[in-house]
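Comments concern the structure below.
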Amino acid sequence: MAGRAETLALALKGGGIQIRNPQDMSVRNTLPLSDITGLAIDSKNSLWVIQKGQILHYGLDGQILPGRIGNVAKATAISIDKNDVMLICDNGPDQQVLSYTLSSKPQLNQRYGVQGGLRAGTPGKMAANKFFALRGAGLDAAGNLYVGMCFGPNPNSPVLIRSLNPQQQLRWELSKYAWVTAFCFDPRSDGTVIYGPESIFSYEPDQEPGKGWQAEAITLDAVRYPDDPRIMGKDACSTELRHLQGKRLLYTMGQTGGGYDLYAFEPAPSQIAHHVASLKGDGFAWNVDAEGGIWRGQTPDQNIWHYAFAAWSDAGIPRFKSPVKYPVPELFTRVTRAHYDSSSDSLYIGGYTANKGKKSWGLIGAVVARYDHWKSGKAQFRWAANMPEDGHGLPPKAFDIAGDYLFTIAVFPTAGKDAVVTIFRLDNGAKVGNISPGAAVGNQSGWADMIHAVHALRRKNGQYLIMVEEDARGKNIVYQWTPA
């Protein structure tokens, strides 16, 4: 709904524009105008609409009036202030907010934001005046600009609201980058760089909670790559990043598993990634090893498959070798996770056994076991550990390994504590202890929904960073732990 409430109210309906009495919202008239995607009203009670890519001017009787604006590449929203200055969000290649003085021949008087948006300067690198995914804009009485940005209608996309002063300097910003999303560490950064499905963050672990992170880049360019799956609602996912033969490759997998979408980055210094391949199939037992190889534990022939990374094609497409197949160890009746550690040639398998059956979907299973010498063809059983159960009697949602430890994350609260992380030793499977949300986040966390809802990393100083998905409040939580 848009309009001047003291005069009239407007509403977009499937059959056109409804003009309503502001006192009781009863319908006064309906204008049979189709294909309207944006609507505003000026001080003379005439209508300006986005219709089939143009901004057109109508009277309240539905008659077309002079004032067409037809040279905006991709108008996504309009607003009009009390001085009859119209702002147009141009979500085309320019990625700018355009200011027009309204008349029978509207005049462009100002452009907000650097031309090209994320493409300006270093592609992807964020700045206050680099706009993207424009969804709305407005001015206050002091001339301060407010800009809303979001890639799509799904709630998983980054959402930003910025306020800039008349000199186009940042006043403040509100943002949301994670919801049903699990971030990952850049394995070469010692924990100081974090990747989301379409975002890159710097992170300073020594800062107080909530103060050490900064959004540095947006990796999604919806203008150059309009078919990117992340625009189409496929950014509810977990992420993995690997550096392969001098190039970065981002792996993303959705909430219900099913394999990976792969995103390659443009040549440096660009921070833009684009979809280059997919490796799909049923099941939850998918993982990426340190060399970029993909492991799949739930396969049509009930083996464990490994797709080793081979090379980049001349066109920049990652190529994988045909899968090497390994038999499932006799301990398991069902494999739900398969996590390979190349440093020790060990495979950590999660799943169910004859004595411990399946209780729900998408979990790591009731048991995790370690097998050494896996690729040699003479796999050797090392240990098996029963997984902890949460307050609903369910095993954890996800696990990861780093350094000398294995980390799991629970779905439901356990003994009154949300999203409990349980730590096990890698050498013998013994339980070490638990971590749960502290006072910095109100002792609260939402469910963990992602297949890889926990990512762990051992820093050079011996400290461990454990990052977990937090759905309820749109964030990821990072725990810092130094073993005694």
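So you can find residues: chains in the structure tokens are A, B, ... in the order shown, residues in each start at 1, and ligands are numbered from 1 in order.
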For Gly138 of chain A, list every protein, DNA or RNA residue within 8 Å, evaluated using only C-alpha atoms, and leave out those in the same chain fewer than 2 positions away; present the list as a short mmCIF file (atom, residue, chain, number, x, y, z; two decimals) with N, CA, C and O atoms, in the first residue's frame.
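Output contents, as saved in selection_22.cif:
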data_model
loop_
_atom_site.label_atom_id
_atom_site.label_comp_id
_atom_site.auth_asym_id
_atom_site.auth_seq_id
_atom_site.Cartn_x
_atom_site.Cartn_y
_atom_site.Cartn_z
N SER A 79 9.13 6.17 -5.16
CA SER A 79 8.55 6.90 -4.03
C SER A 79 8.54 8.38 -4.38
O SER A 79 9.33 8.83 -5.21
N ILE A 80 7.65 9.13 -3.74
CA ILE A 80 7.52 10.57 -4.00
C ILE A 80 7.46 11.29 -2.66
O ILE A 80 6.68 10.92 -1.78
N ASP A 81 8.30 12.33 -2.50
CA ASP A 81 8.27 13.07 -1.24
C ASP A 81 7.29 14.24 -1.33
O ASP A 81 6.62 14.45 -2.35
N LEU A 87 11.87 9.28 -6.38
CA LEU A 87 13.03 8.40 -6.40
C LEU A 87 12.66 7.12 -7.12
O LEU A 87 11.60 6.53 -6.87
N GLY A 136 13.86 -0.60 -2.70
CA GLY A 136 13.10 0.54 -2.22
C GLY A 136 14.02 1.66 -1.80
O GLY A 136 15.15 1.42 -1.39
N ASP A 140 14.12 11.63 3.68
CA ASP A 140 13.44 12.29 4.79
C ASP A 140 13.52 13.80 4.61
O ASP A 140 14.08 14.30 3.61
N LEU A 145 19.02 9.85 2.61
CA LEU A 145 18.52 8.79 1.75
C LEU A 145 18.43 7.47 2.52
O LEU A 145 19.32 7.16 3.32
N TYR A 146 17.38 6.70 2.26
CA TYR A 146 17.21 5.36 2.83
C TYR A 146 17.04 4.39 1.67
O TYR A 146 16.19 4.60 0.79
N VAL A 147 17.85 3.34 1.65
CA VAL A 147 17.86 2.39 0.54
C VAL A 147 17.69 0.98 1.09
O VAL A 147 18.40 0.58 2.03
#
Sorted per-residue table, segment 149-183 of chain A near segment 470-481 of chain A, closest atoms and distance, 6 Å, only C-alpha atoms, as CSV:
residue,atom,partner,partner_atom,distance
A:Ala178,CA,A:Gly474,CA,5.0
A:Trp179,CA,A:Gly474,CA,4.5
A:Val180,CA,A:Asp471,CA,5.3
If you keep N, CA and C atoms, can you produce a file of those selected residues as an mmCIF file, in the first residue's frame?
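Saved the output as selection_3.cif:
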data_model
loop_
_atom_site.group_PDB
_atom_site.id
_atom_site.type_symbol
_atom_site.label_atom_id
_atom_site.label_comp_id
_atom_site.auth_asym_id
_atom_site.auth_seq_id
_atom_site.Cartn_x
_atom_site.Cartn_y
_atom_site.Cartn_z
ATOM 1 N N ALA A 178 22.157 -14.114 7.233
ATOM 2 C CA ALA A 178 21.987 -15.553 7.443
ATOM 3 C C ALA A 178 20.589 -15.863 7.927
ATOM 4 N N TRP A 179 19.955 -16.806 7.278
ATOM 5 C CA TRP A 179 18.744 -17.449 7.803
ATOM 6 C C TRP A 179 18.612 -18.769 7.064
ATOM 7 N N VAL A 180 18.536 -19.862 7.830
ATOM 8 C CA VAL A 180 18.651 -21.214 7.268
ATOM 9 C C VAL A 180 19.904 -21.255 6.385
#
| Within 7 Å of segment 343-352 of chain A, counting only C-alpha atoms, which residues qualify if same-chain residues fewer than 3 places away don't, as a VMD selection string? | chain A and resid 332 to 340 356 to 358 364 to 375
| query | Taking the backbone alone, and naming residues the way the document does, which bits of segment 140-329 of chain A are strand (DSSP E) by DSSP, as a VMD selection string? | reply | chain A and resid 145 to 150 159 to 164 170 to 176 184 to 185 193 to 195 199 to 203 213 to 218 237 to 244 247 to 254 259 to 265 273 to 280 286 to 288 294 to 296 303 to 307 309 to 312 318 to 320 324 to 327
Write out, as a CSV table (one decimal), in the first residue's frame, the residues just selected, with C-alpha atoms.
chain,number,residue,atom,x,y,z
A,145,LEU,CA,18.5,8.8,1.7
A,146,TYR,CA,17.2,5.4,2.8
A,147,VAL,CA,17.9,2.4,0.5
A,148,GLY,CA,16.6,-1.2,0.9
A,149,MET,CA,18.4,-4.1,-0.9
A,150,CYS,CA,17.4,-7.7,-1.3
A,159,VAL,CA,18.8,-7.9,3.3
A,160,LEU,CA,20.3,-4.5,3.9
A,161,ILE,CA,18.8,-1.1,4.8
A,162,ARG,CA,21.3,1.8,4.5
A,163,SER,CA,20.9,5.5,5.3
A,164,LEU,CA,23.2,8.0,3.6
A,170,LEU,CA,26.9,6.3,5.4
A,171,ARG,CA,24.9,7.3,8.4
A,172,TRP,CA,23.9,3.7,9.5
A,173,GLU,CA,23.2,0.3,8.1
A,174,LEU,CA,21.0,-2.6,9.2
A,175,SER,CA,21.6,-6.0,7.7
A,176,LYS,CA,20.7,-9.7,7.7
A,184,CYS,CA,32.2,-21.6,6.5
A,185,PHE,CA,35.8,-20.6,7.3
A,193,VAL,CA,37.7,-14.8,6.7
A,194,ILE,CA,34.2,-16.4,6.5
A,195,TYR,CA,32.1,-17.2,3.5
A,199,SER,CA,28.8,-13.0,1.2
A,200,ILE,CA,32.3,-12.7,2.5
A,201,PHE,CA,33.1,-11.4,6.0
A,202,SER,CA,36.3,-10.5,7.8
A,203,TYR,CA,36.5,-11.7,11.4
A,213,TRP,CA,32.9,-9.2,12.1
A,214,GLN,CA,32.5,-7.0,9.0
A,215,ALA,CA,30.8,-7.7,5.7
A,216,GLU,CA,33.5,-7.2,3.0
A,217,ALA,CA,31.9,-8.4,-0.2
A,218,ILE,CA,28.8,-9.7,-2.0
A,237,CYS,CA,22.2,-23.7,2.2
A,238,SER,CA,25.5,-24.6,3.8
A,239,THR,CA,28.8,-23.6,2.3
A,240,GLU,CA,32.3,-24.9,1.8
A,241,LEU,CA,35.3,-23.0,0.2
A,242,ARG,CA,38.3,-24.6,-1.4
A,243,HIS,CA,41.4,-23.2,-3.1
A,244,LEU,CA,42.1,-25.4,-6.1
A,247,LYS,CA,41.3,-20.6,-7.9
A,248,ARG,CA,38.5,-20.4,-5.4
A,249,LEU,CA,35.6,-22.8,-5.6
A,250,LEU,CA,32.5,-22.4,-3.5
A,251,TYR,CA,30.3,-25.4,-2.8
A,252,THR,CA,26.7,-24.9,-1.6
A,253,MET,CA,24.2,-27.6,-0.5
A,254,GLY,CA,20.5,-27.1,0.4
A,259,GLY,CA,24.4,-32.6,-3.7
A,260,TYR,CA,26.3,-29.5,-4.5
A,261,ASP,CA,26.0,-26.4,-6.6
A,262,LEU,CA,29.5,-25.1,-7.5
A,263,TYR,CA,30.5,-21.4,-7.9
A,264,ALA,CA,33.8,-20.3,-9.4
A,265,PHE,CA,35.2,-16.8,-8.8
A,273,ALA,CA,31.4,-15.9,-8.1
A,274,HIS,CA,29.1,-17.5,-10.6
A,275,HIS,CA,27.4,-20.8,-11.0
A,276,VAL,CA,29.6,-23.2,-13.1
A,277,ALA,CA,28.4,-26.8,-12.3
A,278,SER,CA,26.3,-29.0,-10.1
A,279,LEU,CA,26.9,-32.5,-8.7
A,280,LYS,CA,23.5,-33.8,-7.6
A,286,TRP,CA,27.6,-35.4,1.2
A,287,ASN,CA,31.0,-33.8,2.1
A,288,VAL,CA,33.9,-31.9,0.6
A,294,ILE,CA,33.3,-34.7,-3.1
A,295,TRP,CA,32.2,-37.7,-1.0
A,296,ARG,CA,28.8,-39.2,-1.2
A,303,ASN,CA,28.5,-47.9,-1.6
A,304,ILE,CA,30.5,-44.8,-0.6
A,305,TRP,CA,31.6,-42.8,-3.6
A,306,HIS,CA,34.5,-40.3,-3.9
A,307,TYR,CA,34.6,-37.8,-6.8
A,309,PHE,CA,38.8,-33.0,-8.1
A,310,ALA,CA,40.7,-33.3,-11.4
A,311,ALA,CA,41.3,-29.9,-12.9
A,312,TRP,CA,39.8,-26.7,-14.3
A,318,PRO,CA,35.8,-27.6,-12.3
A,319,ARG,CA,36.2,-31.2,-13.5
A,320,PHE,CA,35.9,-34.3,-11.3
A,324,VAL,CA,35.9,-44.4,-6.8
A,325,LYS,CA,33.5,-46.7,-4.9
A,326,TYR,CA,34.1,-48.2,-1.4
A,327,PRO,CA,31.9,-50.7,0.4
| request: Would you kindly return, as number ranges by chain, each protein, DNA or RNA residue with an atom no farther than 9 Å from any atom of segment 119-125 of chain A, considering only C-alpha atoms and excluding same-chain residues fewer than 3 positions away? | output: A: 93, 114-116, 130, 216-221, 268-273
Okay, now the selection with all heavy atoms, as a compact mmCIF listing (two decimals), in the first residue's frame?
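The file below, out-v4.txt, is the result:
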# COMPACT_ATOMS: atom_id res chain seq x y z
N PRO A 93 21.91 -2.32 -15.01
CA PRO A 93 23.37 -2.28 -14.93
C PRO A 93 23.93 -1.14 -14.10
O PRO A 93 24.99 -1.27 -13.49
CB PRO A 93 23.80 -2.16 -16.40
CG PRO A 93 22.68 -2.78 -17.17
CD PRO A 93 21.43 -2.43 -16.41
N VAL A 114 27.24 4.92 -6.74
CA VAL A 114 28.22 4.90 -7.83
C VAL A 114 27.67 4.06 -8.98
O VAL A 114 27.02 3.04 -8.76
CB VAL A 114 29.57 4.36 -7.33
CG1 VAL A 114 29.44 2.93 -6.84
CG2 VAL A 114 30.63 4.44 -8.42
N GLN A 115 27.88 4.52 -10.19
CA GLN A 115 27.38 3.81 -11.36
C GLN A 115 28.03 2.43 -11.45
O GLN A 115 29.23 2.29 -11.36
CB GLN A 115 27.68 4.60 -12.64
CG GLN A 115 27.02 4.03 -13.88
CD GLN A 115 27.22 4.93 -15.09
OE1 GLN A 115 28.16 5.72 -15.14
NE2 GLN A 115 26.32 4.82 -16.06
N GLY A 116 27.21 1.42 -11.64
CA GLY A 116 27.69 0.05 -11.71
C GLY A 116 27.51 -0.74 -10.44
O GLY A 116 27.63 -1.96 -10.44
N LYS A 130 27.87 1.75 -3.04
CA LYS A 130 27.75 0.69 -4.04
C LYS A 130 26.47 -0.09 -3.74
O LYS A 130 26.42 -0.90 -2.82
CB LYS A 130 28.97 -0.23 -4.04
CG LYS A 130 30.25 0.47 -4.52
CD LYS A 130 31.48 -0.44 -4.39
CE LYS A 130 31.45 -1.60 -5.36
NZ LYS A 130 32.72 -2.35 -5.37
N GLU A 216 32.45 -7.77 3.93
CA GLU A 216 33.45 -7.22 3.02
C GLU A 216 33.03 -7.26 1.56
O GLU A 216 33.43 -6.39 0.78
CB GLU A 216 34.78 -7.97 3.18
CG GLU A 216 35.38 -7.90 4.58
CD GLU A 216 35.91 -6.52 4.93
OE1 GLU A 216 36.03 -5.68 4.02
OE2 GLU A 216 36.19 -6.28 6.12
N ALA A 217 32.27 -8.27 1.17
CA ALA A 217 31.94 -8.43 -0.25
C ALA A 217 30.64 -9.18 -0.42
O ALA A 217 30.24 -9.98 0.44
CB ALA A 217 33.07 -9.17 -0.98
N ILE A 218 29.97 -8.89 -1.53
CA ILE A 218 28.84 -9.67 -2.01
C ILE A 218 29.31 -10.40 -3.26
O ILE A 218 29.81 -9.78 -4.20
CB ILE A 218 27.64 -8.76 -2.34
CG1 ILE A 218 27.10 -8.09 -1.08
CG2 ILE A 218 26.53 -9.56 -3.03
CD1 ILE A 218 26.46 -9.03 -0.08
N THR A 219 29.17 -11.71 -3.27
CA THR A 219 29.73 -12.52 -4.36
C THR A 219 28.73 -12.78 -5.48
O THR A 219 29.07 -13.43 -6.47
CB THR A 219 30.24 -13.86 -3.82
OG1 THR A 219 29.14 -14.61 -3.27
CG2 THR A 219 31.28 -13.65 -2.74
N LEU A 220 27.51 -12.28 -5.34
CA LEU A 220 26.46 -12.52 -6.33
C LEU A 220 26.22 -11.27 -7.16
O LEU A 220 25.92 -10.20 -6.63
CB LEU A 220 25.18 -12.93 -5.60
CG LEU A 220 23.88 -13.00 -6.41
CD1 LEU A 220 24.01 -13.91 -7.60
CD2 LEU A 220 22.74 -13.46 -5.51
N ASP A 221 26.37 -11.40 -8.47
CA ASP A 221 26.07 -10.32 -9.41
C ASP A 221 24.86 -10.72 -10.23
O ASP A 221 24.97 -11.46 -11.21
CB ASP A 221 27.27 -10.06 -10.32
CG ASP A 221 27.03 -8.93 -11.31
OD1 ASP A 221 25.91 -8.41 -11.36
OD2 ASP A 221 27.98 -8.57 -12.04
N ALA A 268 41.00 -12.50 -9.99
CA ALA A 268 41.29 -11.47 -8.99
C ALA A 268 41.54 -10.13 -9.69
O ALA A 268 42.03 -10.09 -10.82
CB ALA A 268 42.51 -11.89 -8.17
N PRO A 269 41.16 -9.03 -9.02
CA PRO A 269 40.72 -8.95 -7.62
C PRO A 269 39.21 -9.09 -7.43
O PRO A 269 38.71 -8.85 -6.34
CB PRO A 269 41.16 -7.56 -7.21
CG PRO A 269 40.99 -6.75 -8.47
CD PRO A 269 41.39 -7.67 -9.58
N SER A 270 38.46 -9.47 -8.46
CA SER A 270 37.01 -9.58 -8.34
C SER A 270 36.63 -10.55 -7.23
O SER A 270 37.28 -11.59 -7.04
CB SER A 270 36.39 -10.05 -9.66
OG SER A 270 34.99 -10.25 -9.51
N GLN A 271 35.58 -10.20 -6.51
CA GLN A 271 35.03 -11.07 -5.48
C GLN A 271 33.71 -11.70 -5.92
O GLN A 271 32.99 -12.28 -5.10
CB GLN A 271 34.80 -10.27 -4.20
CG GLN A 271 36.06 -9.66 -3.61
CD GLN A 271 37.07 -10.72 -3.20
OE1 GLN A 271 36.71 -11.74 -2.63
NE2 GLN A 271 38.33 -10.49 -3.51
N ILE A 272 33.40 -11.62 -7.21
CA ILE A 272 32.16 -12.16 -7.75
C ILE A 272 32.34 -13.63 -8.12
O ILE A 272 33.31 -14.00 -8.80
CB ILE A 272 31.69 -11.37 -8.99
CG1 ILE A 272 31.41 -9.91 -8.60
CG2 ILE A 272 30.46 -12.02 -9.61
CD1 ILE A 272 30.27 -9.72 -7.64
N ALA A 273 31.40 -14.47 -7.69
CA ALA A 273 31.38 -15.88 -8.07
C ALA A 273 30.15 -16.13 -8.94
O ALA A 273 29.15 -15.42 -8.85
CB ALA A 273 31.33 -16.78 -6.83
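Once Ile17 of chain A and its same-chain neighbours fewer than 4 positions away are set aside, Leu10, Ala11, Leu12, Lys13, Thr30, Leu31, Pro32 and Leu33 of chain A remain within 8 Å of it when counting only C-alpha atoms.
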| said: Considering only C-alpha atoms, can you say which of A:Gly113, A:Asp190, A:Val72, A:Thr482 comes closest to Tyr100 of chain A? | reply: A:Val72
